[in-house]
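File shown: entry.cif (mmCIF, C-alpha atoms).
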data_data
loop_
_atom_site.label_atom_id
_atom_site.label_comp_id
_atom_site.auth_asym_id
_atom_site.auth_seq_id
_atom_site.Cartn_x
_atom_site.Cartn_y
_atom_site.Cartn_z
CA MET A 3 -41.05 55.50 -18.12
CA LYS A 4 -40.54 52.20 -19.85
CA THR A 5 -43.66 50.47 -21.10
CA LEU A 6 -43.78 48.03 -18.23
CA ASP A 7 -43.93 50.91 -15.76
CA SER A 8 -47.19 52.06 -17.30
CA ILE A 9 -50.05 52.77 -14.94
CA ASP A 10 -53.13 50.57 -14.75
CA PRO A 11 -56.01 52.73 -13.47
CA ASN A 12 -57.77 49.63 -12.13
CA LEU A 13 -54.85 48.64 -9.94
CA ASP A 14 -52.76 51.74 -9.30
CA LEU A 15 -53.11 54.95 -7.30
CA VAL A 16 -51.35 58.09 -8.46
CA LEU A 17 -50.65 61.42 -6.80
CA GLU A 18 -49.30 64.18 -9.04
CA ARG A 19 -48.07 67.45 -7.61
CA THR A 20 -45.74 70.30 -8.37
CA LEU A 21 -43.63 70.74 -5.26
CA ASP A 22 -42.33 74.22 -4.48
CA VAL A 23 -38.79 73.01 -3.82
CA PRO A 24 -35.95 72.15 -6.24
CA VAL A 25 -35.59 68.56 -7.36
CA GLU A 26 -32.38 68.17 -5.31
CA ALA A 27 -34.32 69.00 -2.13
CA ALA A 28 -37.22 66.67 -2.95
CA TRP A 29 -34.80 63.81 -3.64
CA LYS A 30 -32.88 64.51 -0.44
CA ALA A 31 -36.08 64.45 1.62
CA TRP A 32 -37.00 61.06 0.17
CA THR A 33 -33.60 59.45 0.62
CA THR A 34 -32.27 60.76 3.95
CA PRO A 35 -33.60 58.87 7.00
CA GLU A 36 -33.21 61.86 9.36
CA LEU A 37 -35.40 63.92 7.04
CA ILE A 38 -37.96 61.12 6.58
CA TYR A 39 -38.77 61.43 10.30
CA ASP A 40 -40.25 64.89 9.79
CA TRP A 41 -42.52 64.55 6.78
CA PHE A 42 -43.16 60.90 5.83
CA CYS A 43 -46.46 60.42 7.63
CA PRO A 44 -49.28 62.86 8.36
CA LYS A 45 -48.76 64.51 11.75
CA PRO A 46 -49.39 63.82 14.62
CA TRP A 47 -48.12 60.41 13.44
CA LYS A 48 -44.38 60.33 12.97
CA VAL A 49 -41.52 58.14 11.84
CA VAL A 50 -39.19 57.17 14.69
CA GLU A 51 -36.78 54.83 12.90
CA CYS A 52 -35.69 54.59 9.28
CA ALA A 53 -33.03 52.80 7.24
CA ILE A 54 -32.62 53.29 3.51
CA ASP A 55 -29.91 51.72 1.35
CA LEU A 56 -29.76 53.52 -1.96
CA PHE A 57 -29.14 50.52 -4.19
CA PRO A 58 -31.35 47.78 -5.66
CA GLY A 59 -31.88 45.12 -3.01
CA GLY A 60 -31.26 47.61 -0.18
CA ARG A 61 -33.49 48.34 2.78
CA PHE A 62 -36.48 50.64 2.77
CA ASN A 63 -37.47 50.22 6.40
CA PHE A 64 -39.27 52.60 8.69
CA VAL A 65 -41.22 52.55 11.95
CA MET A 66 -44.32 54.71 12.18
CA GLN A 67 -45.49 55.82 15.60
CA SER A 68 -49.09 56.68 16.44
CA PRO A 69 -49.93 59.70 18.63
CA GLU A 70 -50.52 57.15 21.43
CA GLY A 71 -46.92 55.98 21.08
CA GLU A 72 -47.59 52.65 19.40
CA ASN A 73 -44.98 51.55 16.86
CA TYR A 74 -45.73 50.10 13.42
CA PRO A 75 -42.69 48.65 11.65
CA ASN A 76 -42.53 48.57 7.86
CA VAL A 77 -39.96 46.54 5.98
CA GLY A 78 -39.34 46.89 2.27
CA CYS A 79 -36.80 46.47 -0.50
CA VAL A 80 -35.36 49.16 -2.77
CA LEU A 81 -35.86 48.31 -6.46
CA GLU A 82 -34.63 51.29 -8.50
CA VAL A 83 -32.47 54.29 -7.70
CA GLU A 84 -32.03 56.97 -10.37
CA LYS A 85 -30.76 60.04 -8.58
CA GLU A 86 -33.25 62.94 -8.68
CA LYS A 87 -35.39 61.01 -11.16
CA LYS A 88 -36.83 57.81 -9.75
CA LEU A 89 -37.01 55.83 -6.52
CA SER A 90 -38.87 52.52 -6.40
CA TRP A 91 -39.38 50.14 -3.50
CA THR A 92 -41.77 47.38 -2.53
CA ASP A 93 -42.96 45.73 0.64
CA ASN A 94 -43.64 42.55 -1.34
CA LEU A 95 -39.95 41.69 -0.99
CA LEU A 96 -37.67 41.90 2.02
CA PRO A 97 -34.25 43.53 1.70
CA GLY A 98 -31.95 41.41 -0.47
CA PHE A 99 -34.97 40.70 -2.76
CA ARG A 100 -36.13 37.89 -0.47
CA PRO A 101 -39.79 36.90 -1.01
CA THR A 102 -42.11 37.52 1.90
CA ALA A 103 -45.49 36.00 2.49
CA ASN A 104 -46.24 38.00 5.61
CA HIS A 105 -47.67 41.46 5.71
CA THR A 106 -44.90 43.74 6.82
CA SER A 107 -46.55 47.12 6.47
CA THR A 108 -48.73 49.27 8.67
CA SER A 109 -51.41 49.37 5.99
CA GLY A 110 -51.90 45.60 6.03
CA LEU A 111 -51.62 45.56 2.25
CA LYS A 112 -48.66 45.25 -0.04
CA PHE A 113 -47.70 47.65 -2.74
CA THR A 114 -44.84 48.81 -4.89
CA ALA A 115 -44.11 52.54 -4.73
CA ILE A 116 -42.65 54.30 -7.76
CA ILE A 117 -41.72 57.91 -7.07
CA LEU A 118 -40.85 60.09 -10.05
CA PHE A 119 -39.07 63.44 -9.81
CA GLU A 120 -38.57 65.97 -12.59
CA ALA A 121 -36.94 69.38 -12.32
CA ASP A 122 -39.23 72.25 -13.28
CA GLY A 123 -37.08 75.33 -12.69
CA ASN A 124 -36.91 75.71 -8.92
CA LYS A 125 -39.86 73.40 -8.48
CA THR A 126 -40.31 69.65 -8.83
CA LYS A 127 -42.85 67.71 -10.82
CA TYR A 128 -43.64 64.91 -8.43
CA THR A 129 -45.50 61.69 -9.21
CA ALA A 130 -46.12 59.06 -6.54
CA ILE A 131 -47.49 55.75 -7.81
CA ALA A 132 -48.69 52.85 -5.69
CA LYS A 133 -49.08 49.56 -7.57
CA HIS A 134 -51.28 46.84 -6.12
CA LYS A 135 -51.87 43.19 -6.84
CA ASP A 136 -55.63 43.53 -7.33
CA GLU A 137 -58.54 45.96 -7.31
CA ALA A 138 -59.45 45.08 -3.72
CA ASP A 139 -56.07 46.25 -2.43
CA LYS A 140 -56.19 49.36 -4.59
CA THR A 141 -59.66 50.24 -3.29
CA LYS A 142 -58.65 49.55 0.31
CA HIS A 143 -55.62 51.81 -0.04
CA GLU A 144 -57.77 54.51 -1.64
CA GLU A 145 -60.35 54.28 1.16
CA MET A 146 -57.58 54.48 3.77
CA GLY A 147 -56.98 57.94 2.36
CA PHE A 148 -54.09 57.47 -0.05
CA HIS A 149 -54.59 60.76 -1.88
CA GLN A 150 -55.20 62.83 1.22
CA GLY A 151 -52.40 61.18 3.20
CA TRP A 152 -49.76 61.32 0.51
CA GLY A 153 -50.88 64.87 -0.29
CA ILE A 154 -50.41 65.98 3.34
CA CYS A 155 -46.99 64.33 3.32
CA ALA A 156 -46.04 66.19 0.15
CA ASP A 157 -47.03 69.45 1.87
CA GLN A 158 -44.96 68.48 4.92
CA LEU A 159 -42.00 67.68 2.67
CA VAL A 160 -42.20 71.15 1.09
CA ALA A 161 -42.60 72.90 4.47
CA LEU A 162 -39.52 71.04 5.78
CA MET A 163 -37.27 71.55 2.78
CA LYS A 164 -38.23 75.19 2.15
CA ASP A 165 -36.23 76.12 5.25
CA LYS A 166 -33.16 74.08 4.39
CA MET B 28 -21.91 40.93 -3.67
CA LYS B 29 -23.27 43.65 -1.42
CA THR B 30 -23.96 42.66 2.16
CA LEU B 31 -27.69 42.38 1.62
CA ASP B 32 -27.14 39.80 -1.10
CA SER B 33 -25.49 37.52 1.42
CA ILE B 34 -26.68 33.94 1.54
CA ASP B 35 -28.68 32.54 4.44
CA PRO B 36 -28.07 28.77 4.53
CA ASN B 37 -31.40 28.26 6.30
CA LEU B 38 -33.37 29.92 3.53
CA ASP B 39 -31.31 29.78 0.36
CA LEU B 40 -30.18 27.09 -2.09
CA VAL B 41 -26.93 27.51 -3.99
CA LEU B 42 -25.44 25.74 -6.98
CA GLU B 43 -21.80 26.51 -7.78
CA ARG B 44 -20.15 25.27 -10.95
CA THR B 45 -17.35 26.06 -13.31
CA LEU B 46 -18.89 26.01 -16.78
CA ASP B 47 -16.67 25.04 -19.69
CA VAL B 48 -17.78 27.96 -21.84
CA PRO B 49 -16.68 31.62 -21.82
CA VAL B 50 -18.65 34.08 -19.73
CA GLU B 51 -20.05 35.74 -22.88
CA ALA B 52 -21.62 32.42 -23.92
CA ALA B 53 -23.04 31.69 -20.46
CA TRP B 54 -24.60 35.15 -20.31
CA LYS B 55 -26.01 34.82 -23.81
CA ALA B 56 -27.61 31.46 -22.96
CA TRP B 57 -29.31 33.02 -19.91
CA THR B 58 -30.60 36.12 -21.65
CA THR B 59 -31.68 34.99 -25.14
CA PRO B 60 -35.17 33.44 -25.25
CA GLU B 61 -34.41 31.27 -28.31
CA LEU B 62 -31.49 29.72 -26.41
CA ILE B 63 -33.50 29.31 -23.19
CA TYR B 64 -35.73 26.83 -25.06
CA ASP B 65 -32.88 24.34 -25.37
CA TRP B 66 -31.34 24.18 -21.92
CA PHE B 67 -33.51 25.81 -19.25
CA CYS B 68 -35.28 22.69 -17.96
CA PRO B 69 -34.08 19.10 -17.72
CA LYS B 70 -35.00 17.16 -20.87
CA PRO B 71 -37.42 15.71 -21.88
CA TRP B 72 -39.16 18.79 -20.42
CA LYS B 73 -38.66 21.87 -22.52
CA VAL B 74 -39.41 25.57 -22.67
CA VAL B 75 -41.83 26.45 -25.46
CA GLU B 76 -42.29 30.19 -24.87
CA CYS B 77 -40.05 32.80 -23.29
CA ALA B 78 -39.89 36.58 -22.96
CA ILE B 79 -37.08 38.38 -21.19
CA ASP B 80 -36.67 42.15 -20.93
CA LEU B 81 -33.14 42.97 -19.85
CA PHE B 82 -33.93 45.85 -17.53
CA PRO B 83 -35.22 46.12 -13.93
CA GLY B 84 -38.99 45.74 -13.98
CA GLY B 85 -38.89 43.76 -17.23
CA ARG B 86 -40.42 40.34 -17.91
CA PHE B 87 -38.86 37.03 -17.01
CA ASN B 88 -41.59 34.80 -18.38
CA PHE B 89 -41.41 31.28 -19.69
CA VAL B 90 -43.69 28.32 -20.37
CA MET B 91 -42.41 24.87 -19.48
CA GLN B 92 -43.87 21.89 -21.29
CA SER B 93 -44.00 18.38 -19.88
CA PRO B 94 -43.19 15.34 -22.04
CA GLU B 95 -46.98 14.78 -22.20
CA GLY B 96 -47.41 18.20 -23.79
CA GLU B 97 -48.87 20.01 -20.79
CA ASN B 98 -47.88 23.65 -20.44
CA TYR B 99 -46.82 25.36 -17.18
CA PRO B 100 -46.54 29.14 -17.44
CA ASN B 101 -44.14 31.06 -15.21
CA VAL B 102 -44.28 34.81 -14.81
CA GLY B 103 -41.57 36.84 -13.13
CA CYS B 104 -39.92 40.23 -12.91
CA VAL B 105 -36.31 41.12 -13.71
CA LEU B 106 -34.59 42.83 -10.76
CA GLU B 107 -30.93 43.34 -11.70
CA VAL B 108 -29.03 43.21 -14.96
CA GLU B 109 -25.24 43.53 -14.89
CA LYS B 110 -23.98 42.23 -18.21
CA GLU B 111 -21.89 39.06 -17.86
CA LYS B 112 -21.89 39.48 -14.09
CA LYS B 113 -25.32 39.22 -12.52
CA LEU B 114 -28.93 38.51 -13.45
CA SER B 115 -31.64 38.59 -10.77
CA TRP B 116 -35.35 37.98 -11.11
CA THR B 117 -38.25 36.99 -8.87
CA ASP B 118 -41.64 35.39 -9.25
CA ASN B 119 -42.82 37.25 -6.15
CA LEU B 120 -43.44 40.29 -8.37
CA LEU B 121 -45.08 40.53 -11.76
CA PRO B 122 -43.40 42.50 -14.55
CA GLY B 123 -43.46 46.22 -13.75
CA PHE B 124 -42.71 45.34 -10.08
CA ARG B 125 -46.41 44.70 -9.41
CA PRO B 126 -47.04 42.64 -6.26
CA THR B 127 -48.63 39.25 -6.79
CA ALA B 128 -50.38 37.12 -4.25
CA ASN B 129 -50.93 34.18 -6.56
CA HIS B 130 -48.46 31.46 -7.29
CA THR B 131 -47.29 31.99 -10.84
CA SER B 132 -44.62 29.34 -11.10
CA THR B 133 -44.57 25.68 -11.99
CA SER B 134 -42.93 24.84 -8.70
CA GLY B 135 -45.83 26.19 -6.65
CA LEU B 136 -43.39 28.17 -4.53
CA LYS B 137 -41.94 31.60 -4.93
CA PHE B 138 -38.31 32.46 -5.02
CA THR B 139 -35.84 35.07 -6.11
CA ALA B 140 -33.06 33.83 -8.39
CA ILE B 141 -29.67 35.53 -8.33
CA ILE B 142 -27.32 34.23 -11.02
CA LEU B 143 -23.67 35.26 -10.78
CA PHE B 144 -21.16 34.95 -13.62
CA GLU B 145 -17.42 35.44 -13.43
CA ALA B 146 -14.89 34.97 -16.23
CA ASP B 147 -12.24 32.34 -15.48
CA GLY B 148 -10.15 32.28 -18.63
CA ASN B 149 -12.29 30.49 -21.21
CA LYS B 150 -14.52 29.12 -18.50
CA THR B 151 -17.17 30.68 -16.27
CA LYS B 152 -17.52 30.58 -12.53
CA TYR B 153 -21.26 30.19 -12.16
CA THR B 154 -23.32 30.62 -8.99
CA ALA B 155 -27.08 30.13 -9.00
CA ILE B 156 -28.86 31.22 -5.81
CA ALA B 157 -32.53 30.66 -4.98
CA LYS B 158 -33.82 32.76 -2.08
CA HIS B 159 -36.97 31.68 -0.27
CA LYS B 160 -39.31 33.26 2.23
CA ASP B 161 -39.00 30.49 4.81
CA GLU B 162 -37.37 27.16 5.57
CA ALA B 163 -40.42 25.21 4.40
CA ASP B 164 -40.15 26.63 0.88
CA LYS B 165 -36.40 26.10 0.83
CA THR B 166 -36.80 22.46 1.90
CA LYS B 167 -39.58 21.89 -0.60
CA HIS B 168 -37.45 23.29 -3.41
CA GLU B 169 -34.51 21.15 -2.30
CA GLU B 170 -36.68 18.02 -2.20
CA MET B 171 -38.03 18.82 -5.67
CA GLY B 172 -34.45 18.31 -6.81
CA PHE B 173 -33.05 21.83 -7.02
CA HIS B 174 -29.41 20.77 -7.09
CA GLN B 175 -29.88 17.92 -9.53
CA GLY B 176 -32.24 19.88 -11.79
CA TRP B 177 -30.20 23.06 -11.96
CA GLY B 178 -27.06 20.96 -12.37
CA ILE B 179 -28.54 19.12 -15.37
CA CYS B 180 -29.55 22.47 -16.83
CA ALA B 181 -26.02 23.80 -16.38
CA ASP B 182 -24.73 20.75 -18.28
CA GLN B 183 -27.31 21.35 -21.02
CA LEU B 184 -26.25 25.01 -21.22
CA VAL B 185 -22.61 23.98 -21.73
CA ALA B 186 -23.51 21.33 -24.33
CA LEU B 187 -25.55 23.89 -26.24
CA MET B 188 -23.06 26.75 -26.13
CA LYS B 189 -19.97 24.64 -26.82
CA ASP B 190 -21.16 24.30 -30.42
CA LYS B 191 -21.96 27.97 -30.98
#

Target format structure tokens, applied to this file:
Amino acid sequence: MKTLDSIDPNLDLVLERTLDVPVEAAWKAWTTPELIYDWFCPKPWKVVECAIDLFPGGRFNFVMQSPEGENYPNVGCVLEVEKEKKLSWTDNLLPGFRPTANHTSTSGLKFTAIILFEADGNKTKYTAIAKHKDEADKTKHEEMGFHQGWGICADQLVALMKDK
Amino acid sequence: MKTLDSIDPNLDLVLERTLDVPVEAAWKAWTTPELIYDWFCPKPWKVVECAIDLFPGGRFNFVMQSPEGENYPNVGCVLEVEKEKKLSWTDNLLPGFRPTANHTSTSGLKFTAIILFEADGNKTKYTAIAKHKDEADKTKHEEMGFHQGWGICADQLVALMKDK
């Protein structure tokens, strides 16, 4: 990571895992909308729509659906795409890098996600970073269950891609 | 430009010019802090500090100084760097892609700047786009003198780089 990507423990949340799937599979799960449906939120929640453009300024949009069938749209902008190494996106910008003042995410807070992938034989070293604007947002995200939620999703990703 | 870069006339401001300097000179003026000092705001205002990291997530920071000597710091984040073709940055993110809720720019509004360069013999086709979150911000920026101000700066850039 470049210096400016460095993590600030007061503002950032980090999940580190070794995923029991090859890096190609982990990357594919993160960048293919049809696969996102099956692992991207802890069941029984699910994703029912998704659009990802794999270039800076592209869409990172998805609609989460609650078990009661209520839809929660999320709109974000892709920032960095380094195949099988790094995927970054933010909901602090709309697609096309347009500023947004409105909350566009289910969580009601804004963050930048930086997902790092590194091959480790047939496994993947996986680091998911959420960067926030202040400690209040970081704490809110943590209390909403960031580590548990993203951990469950990582397990779901592995379960899905193991069979592929 | 990719589709998602497309301009929305309700939300965006655009300045188009042919600059009487080669594309290498125009790019250098936009990406070299010591040169930014001399052309980046209409005189007698000037830039007195500047830091630019030419990679996505890098700094696009500068301090403008009024004729009375008052300093106005601006903090932004580089989004896209395509040498002699495109430079994008936003003040809706801090360096490192961190979300920001606070206004960090002199203008009091947030925007994403997309600067396009195209060689035209010894001249440069130059397009400066400012993308806003809503019509109110776009109108405010226009009324602050976007076209005149950025036009004066373009003239200052040419005057500076003609001699180099």

Can you pull out the residues contacting range 140-149 of chain A? Cut-off 9 Å, using all atoms listed in the file, and skip same-chain residues under 3 positions away; I want them as a PDB file with C-alpha atoms, keeping the file's coordinate frame.
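selection.pdb, freshly written:
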ATOM      1  CA  ASN A  12     -57.770  49.630 -12.130  1.00  0.00           C
ATOM      2  CA  LEU A  13     -54.850  48.640  -9.940  1.00  0.00           C
ATOM      3  CA  ASP A  14     -52.760  51.740  -9.300  1.00  0.00           C
ATOM      4  CA  LEU A  15     -53.110  54.950  -7.300  1.00  0.00           C
ATOM      5  CA  VAL A  16     -51.350  58.090  -8.460  1.00  0.00           C
ATOM      6  CA  LEU A  17     -50.650  61.420  -6.800  1.00  0.00           C
ATOM      7  CA  SER A 109     -51.410  49.370   5.990  1.00  0.00           C
ATOM      8  CA  LEU A 111     -51.620  45.560   2.250  1.00  0.00           C
ATOM      9  CA  PHE A 113     -47.700  47.650  -2.740  1.00  0.00           C
ATOM     10  CA  ALA A 132     -48.690  52.850  -5.690  1.00  0.00           C
ATOM     11  CA  LYS A 133     -49.080  49.560  -7.570  1.00  0.00           C
ATOM     12  CA  HIS A 134     -51.280  46.840  -6.120  1.00  0.00           C
ATOM     13  CA  LYS A 135     -51.870  43.190  -6.840  1.00  0.00           C
ATOM     14  CA  ASP A 136     -55.630  43.530  -7.330  1.00  0.00           C
ATOM     15  CA  GLU A 137     -58.540  45.960  -7.310  1.00  0.00           C
ATOM     16  CA  TRP A 152     -49.760  61.320   0.510  1.00  0.00           C
ATOM     17  CA  GLY A 153     -50.880  64.870  -0.290  1.00  0.00           C
ATOM     18  CA  ILE A 154     -50.410  65.980   3.340  1.00  0.00           C
TER      19      ILE A 154
END

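Between CA of Thr114 in chain A and CA of Asp139 in chain A the separation is 11.8 Å.
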
Among the residues B:Ala155, B:Phe144, B:Lys150, B:Gly84, the one that comes closest to chain A [using only C-alpha atoms]: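 Using only C-alpha atoms, the shortest distance to chain A belongs to B:Gly84.
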
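Atom to atom, CA of Glu145 in chain B and CA of Thr59 in chain B stand 18.5 Å apart.
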
Given the file shown, determine the residues that the PyMOL selection byres ((chain B) within 6 of (chain A)) selects; report them as a PDB file with C-alpha atoms, in the coordinates of the input.
ATOM      1  CA  LEU B  31     -27.690  42.380   1.620  1.00  0.00           C
ATOM      2  CA  ASP B  32     -27.140  39.800  -1.100  1.00  0.00           C
ATOM      3  CA  ASN B 119     -42.820  37.250  -6.150  1.00  0.00           C
ATOM      4  CA  GLY B 123     -43.460  46.220 -13.750  1.00  0.00           C
ATOM      5  CA  ARG B 125     -46.410  44.700  -9.410  1.00  0.00           C
ATOM      6  CA  PRO B 126     -47.040  42.640  -6.260  1.00  0.00           C
ATOM      7  CA  THR B 127     -48.630  39.250  -6.790  1.00  0.00           C
ATOM      8  CA  LYS B 158     -33.820  32.760  -2.080  1.00  0.00           C
ATOM      9  CA  HIS B 159     -36.970  31.680  -0.270  1.00  0.00           C
ATOM     10  CA  LYS B 160     -39.310  33.260   2.230  1.00  0.00           C
TER      11      LYS B 160
END

Could you jot down the CA of Lys85 in chain A to CA of Thr58 in chain B separation for me, Å, one decimal place?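 If I compute the distance from CA of Lys85 in chain A to CA of Thr58 in chain B, I get 27.3 Å.
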